[in-house]
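**Student:** If you scroll down you'll find the structure; I have some questions about it.
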Amino acid sequence: MAAANTTKIYGLKISTCTKRVLTALEEKNVTGYEVVTVDVSKGEHKSAEFKKKQPFGLIPKLEDDQVELFESRAIARYVAERYADQGTNLLGPTLKERALVNQWLEVESQNYTPPIFGLLTEKVYKLRRGLTTDEAKAAEHKAKLSQVLDVYEAHLASHDFLAGSFYSLADLVHLPYTAMLWVTGDSDLITTQPNVNKWWERISSRPAWQKVWAMK
């Protein structure tokens with residue numbers, strides 16, 4: 001009998017970064033993992049106890065029989081590598097393809113997601129704290145993201161997915177924050193770019209993401 005899966009994800013199912021990790025697990029057909037809720041609304045992620053697990057007081061955190069790991073992109077890559085022989089190949093079969101996956105992983109973290117996080121901060125997180133949106137800053141973040149998406153639009157004119165003809169971790173990591181553009185009211189940034197919109201429809205319709213997105 002196979003050993004039980006000991007994978008634990010400390011996080012929150014509604015969290016964007018936790019969803020990034022859960023989507024990787026689902027794409028790799030990993031079953032039996034456990035999501036241990038860390039209630040950020042109560043400040044549990046900043047508790048001394050949790051900081052023993054994650055010294056920066058952020059979610060998610062992975063623990064299994066091999067490693068303890070934080071940072072969602074690092075966890076997702078670990079999942080893709082550990083379970084390389086099952087589920088979707090998220091890293092690419094050749095050196096060239098793996099290099100392109102890594103390139104777009106960097107683009108997502110350095111260029112794509114920061115302005116979306118800025119929009120979320122101004123239009124969602126500030127309001128939850130009783131603060132007022134700085135419309136000038138929100139417009140600045142939207143303009144920055146628009147410029148980034150112009151690059152994506154040109155690239156995706158000749159590619160179905162970011163690293164080429166196959167769905168990969170490079171596409172997967174974009175899912176949680178892109179979905180939040182419908183929350184901030186900025187989905188037009190996606191829908192008005194024909195190639196970007198087709199790409200979004202391809203990646204967001206995948207069963208793994210649909211399952212994770214529905215998690216509450």
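Following the order of the structure tokens, first chain is A, next is B, and so on, with residues numbered from 1 inside each chain and ligands from 1 in the order they appear.
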Taking a cut-off of 6 Å and counting only C-alpha atoms, can you build a table that, for each residue of region 51-100 of chain A near region 18-26 of chain A, reports the nearest atom pair and how far apart they are in Å (one decimal), sorted by chain then residue number, as JSON lines?
**Tutor:**
{"residue": "A:Pro60", "atom": "CA", "partner": "A:Thr18", "partner_atom": "CA", "distance": 5.4}
{"residue": "A:Ser72", "atom": "CA", "partner": "A:Val21", "partner_atom": "CA", "distance": 5.9}
{"residue": "A:Ala76", "atom": "CA", "partner": "A:Val21", "partner_atom": "CA", "distance": 5.2}
**Student:** Using only all heavy atoms, please write the residues we just selected to a file, as a compact mmCIF listing (two decimals), in the first residue's frame.
**Tutor:**
# COMPACT_ATOMS: atom_id res chain seq x y z
N PRO A 60 1.51 31.29 1.30
CA PRO A 60 1.41 29.98 1.92
C PRO A 60 2.76 29.43 2.36
O PRO A 60 3.81 30.01 2.08
CB PRO A 60 0.85 29.13 0.77
CG PRO A 60 1.52 29.71 -0.44
CD PRO A 60 1.56 31.21 -0.18
N SER A 72 5.20 31.21 -2.85
CA SER A 72 4.29 30.41 -3.66
C SER A 72 4.90 29.95 -4.99
O SER A 72 4.65 28.83 -5.44
CB SER A 72 2.99 31.19 -3.94
OG SER A 72 3.24 32.35 -4.71
N ALA A 76 5.34 26.11 -6.05
CA ALA A 76 4.76 25.59 -7.29
C ALA A 76 5.81 24.91 -8.15
O ALA A 76 5.56 23.84 -8.74
CB ALA A 76 4.09 26.73 -8.07
**Student:** Excluding Phe70 (chain A) and any residue of its chain fewer than 2 positions from it, enumerate the residues within 9 Å of it, using only C-alpha atoms, and give them as a JSON list (two decimals) with N, CA and C atoms, in the first residue's frame.
**Tutor:**
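selection.json, freshly written:
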[["chain", "number", "residue", "atom", "x", "y", "z"],
["A", 53, "LYS", "N", 7.32, 28.97, 11.41],
["A", 53, "LYS", "CA", 7.20, 28.25, 10.15],
["A", 53, "LYS", "C", 7.57, 29.13, 8.97],
["A", 54, "GLN", "N", 7.17, 30.40, 9.03],
["A", 54, "GLN", "CA", 7.41, 31.34, 7.93],
["A", 54, "GLN", "C", 7.87, 32.66, 8.56],
["A", 58, "LEU", "N", 4.00, 35.36, 6.16],
["A", 58, "LEU", "CA", 3.19, 35.38, 4.94],
["A", 58, "LEU", "C", 2.73, 33.96, 4.60],
["A", 59, "ILE", "N", 1.66, 33.87, 3.83],
["A", 59, "ILE", "CA", 1.19, 32.57, 3.35],
["A", 59, "ILE", "C", 1.37, 32.52, 1.83],
["A", 60, "PRO", "N", 1.51, 31.29, 1.30],
["A", 60, "PRO", "CA", 1.41, 29.98, 1.92],
["A", 60, "PRO", "C", 2.76, 29.43, 2.36],
["A", 61, "LYS", "N", 2.69, 28.28, 3.03],
["A", 61, "LYS", "CA", 3.86, 27.51, 3.44],
["A", 61, "LYS", "C", 3.57, 26.04, 3.17],
["A", 62, "LEU", "N", 4.53, 25.33, 2.60],
["A", 62, "LEU", "CA", 4.39, 23.90, 2.35],
["A", 62, "LEU", "C", 5.26, 23.10, 3.30],
["A", 63, "GLU", "N", 4.70, 22.01, 3.78],
["A", 63, "GLU", "CA", 5.47, 21.02, 4.52],
["A", 63, "GLU", "C", 5.11, 19.65, 3.97],
["A", 68, "GLU", "N", 10.43, 21.76, 3.92],
["A", 68, "GLU", "CA", 9.56, 22.85, 4.34],
["A", 68, "GLU", "C", 9.92, 24.04, 3.47],
["A", 72, "SER", "N", 5.20, 31.21, -2.85],
["A", 72, "SER", "CA", 4.29, 30.41, -3.66],
["A", 72, "SER", "C", 4.90, 29.95, -4.99],
["A", 73, "ARG", "N", 5.70, 30.80, -5.62],
["A", 73, "ARG", "CA", 6.30, 30.38, -6.90],
["A", 73, "ARG", "C", 7.33, 29.27, -6.69],
["A", 74, "ALA", "N", 8.10, 29.39, -5.62],
["A", 74, "ALA", "CA", 9.08, 28.34, -5.30],
["A", 74, "ALA", "C", 8.36, 27.03, -4.97],
["A", 75, "ILE", "N", 7.25, 27.12, -4.25],
["A", 75, "ILE", "CA", 6.49, 25.92, -3.91],
["A", 75, "ILE", "C", 5.92, 25.28, -5.18]]
**Student:** Just list the residues in chain A DSSP gives alpha helix (DSSP H) on the backbone, as an MDAnalysis selection string.
**Tutor:** chainID A and resid 16:27 48:51 72:82 95:107 113:120 126:128 135:156 169:172 175:179 181:184 188:191 194:204 207:213
**Student:** Which residues of region 80-142 of chain A come within 8 Å of region 147-171 of chain A, and for each one, what is the closest pair of atoms and their distance in Å to one decimal, counting only C-alpha atoms, sorted by chain and residue number, as CSV?
**Tutor:**
residue,atom,partner,partner_atom,distance
A:Ala80,CA,A:Leu169,CA,7.9
A:Asn89,CA,A:Ser168,CA,7.0
A:Leu90,CA,A:Ser168,CA,4.1
A:Leu91,CA,A:Ser168,CA,5.9
A:Gly92,CA,A:Ser168,CA,7.0
A:Glu97,CA,A:Ala163,CA,6.5
A:Leu100,CA,A:Ala163,CA,5.2
A:Val101,CA,A:Ala170,CA,5.2
A:Asn102,CA,A:Ala170,CA,7.1
A:Trp104,CA,A:Ala170,CA,5.5
A:Leu105,CA,A:Ala170,CA,5.0
A:Glu108,CA,A:Ala170,CA,7.8
A:Asn111,CA,A:Val148,CA,6.9
A:Tyr112,CA,A:Val148,CA,6.5
**Student:** Hey, can you check how far CA of Ser15 (chain A) sits from CA of Val107 (chain A)?
**Tutor:**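 Those two atoms sit 21.2 Å apart.
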**Student:** In Å, with one decimal, what is the gap from CA of Arg98 (chain A) to CA of Ala84 (chain A)?
**Tutor:** 12.9 Å
**Student:** Go through A:Pro114, A:Gly185, A:Pro176, A:Pro93 and flag the residue nearest Ser204 (chain A), using only C-alpha atoms for the distances.
**Tutor:** A:Pro176
**Student:** How many Å separate CA of Lys142 (chain A) from CA of Ser205 (chain A)?
**Tutor:**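 CA of Ser205 (chain A) lies 24.7 Å from CA of Lys142 (chain A).
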**Student:** Just want the 6 Å neighbourhood of region 34-45 of chain A, counted on only C-alpha atoms, with same-chain residues fewer than 4 positions away dropped. Output as a compact mmCIF listing (two decimals) with C-alpha atoms, in the first residue's frame.
**Tutor:**
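Output contents, as saved in result-v2.txt:
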# COMPACT_ATOMS: atom_id res chain seq x y z
CA LYS A 8 0.33 20.29 4.16
CA ILE A 9 -0.28 23.75 2.76
CA TYR A 10 -0.58 26.42 5.43
CA GLY A 11 -2.63 29.21 3.93
CA LEU A 12 -6.11 30.33 2.99
CA PHE A 50 3.40 30.86 12.67
CA GLY A 57 4.66 36.04 8.38
CA LEU A 58 3.19 35.38 4.94
**Student:** For each of A:Leu69, A:Leu189, A:Val124, A:Ala208, take the minimum atom-to-atom distance to Leu175 (chain A), counting only C-alpha atoms, then give the residue where this is smallest.
**Tutor:**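 Result for the nearest residue to Leu175 (chain A): A:Ala208.
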**Student:** Write out as a list in words the residues lying within 12 Å of Glu140 (chain A), counting only C-alpha atoms and excluding same-chain residues fewer than 3 positions away.
**Tutor:**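 Skipping anything fewer than 3 positions along the chain leaves Pro114, Pro115, Ile116, Gly118, Leu119, Glu122, Asp134, Glu135, Ala136, Lys137, Ala143, Lys144, Leu145, Ser146 and Gln147 of chain A.
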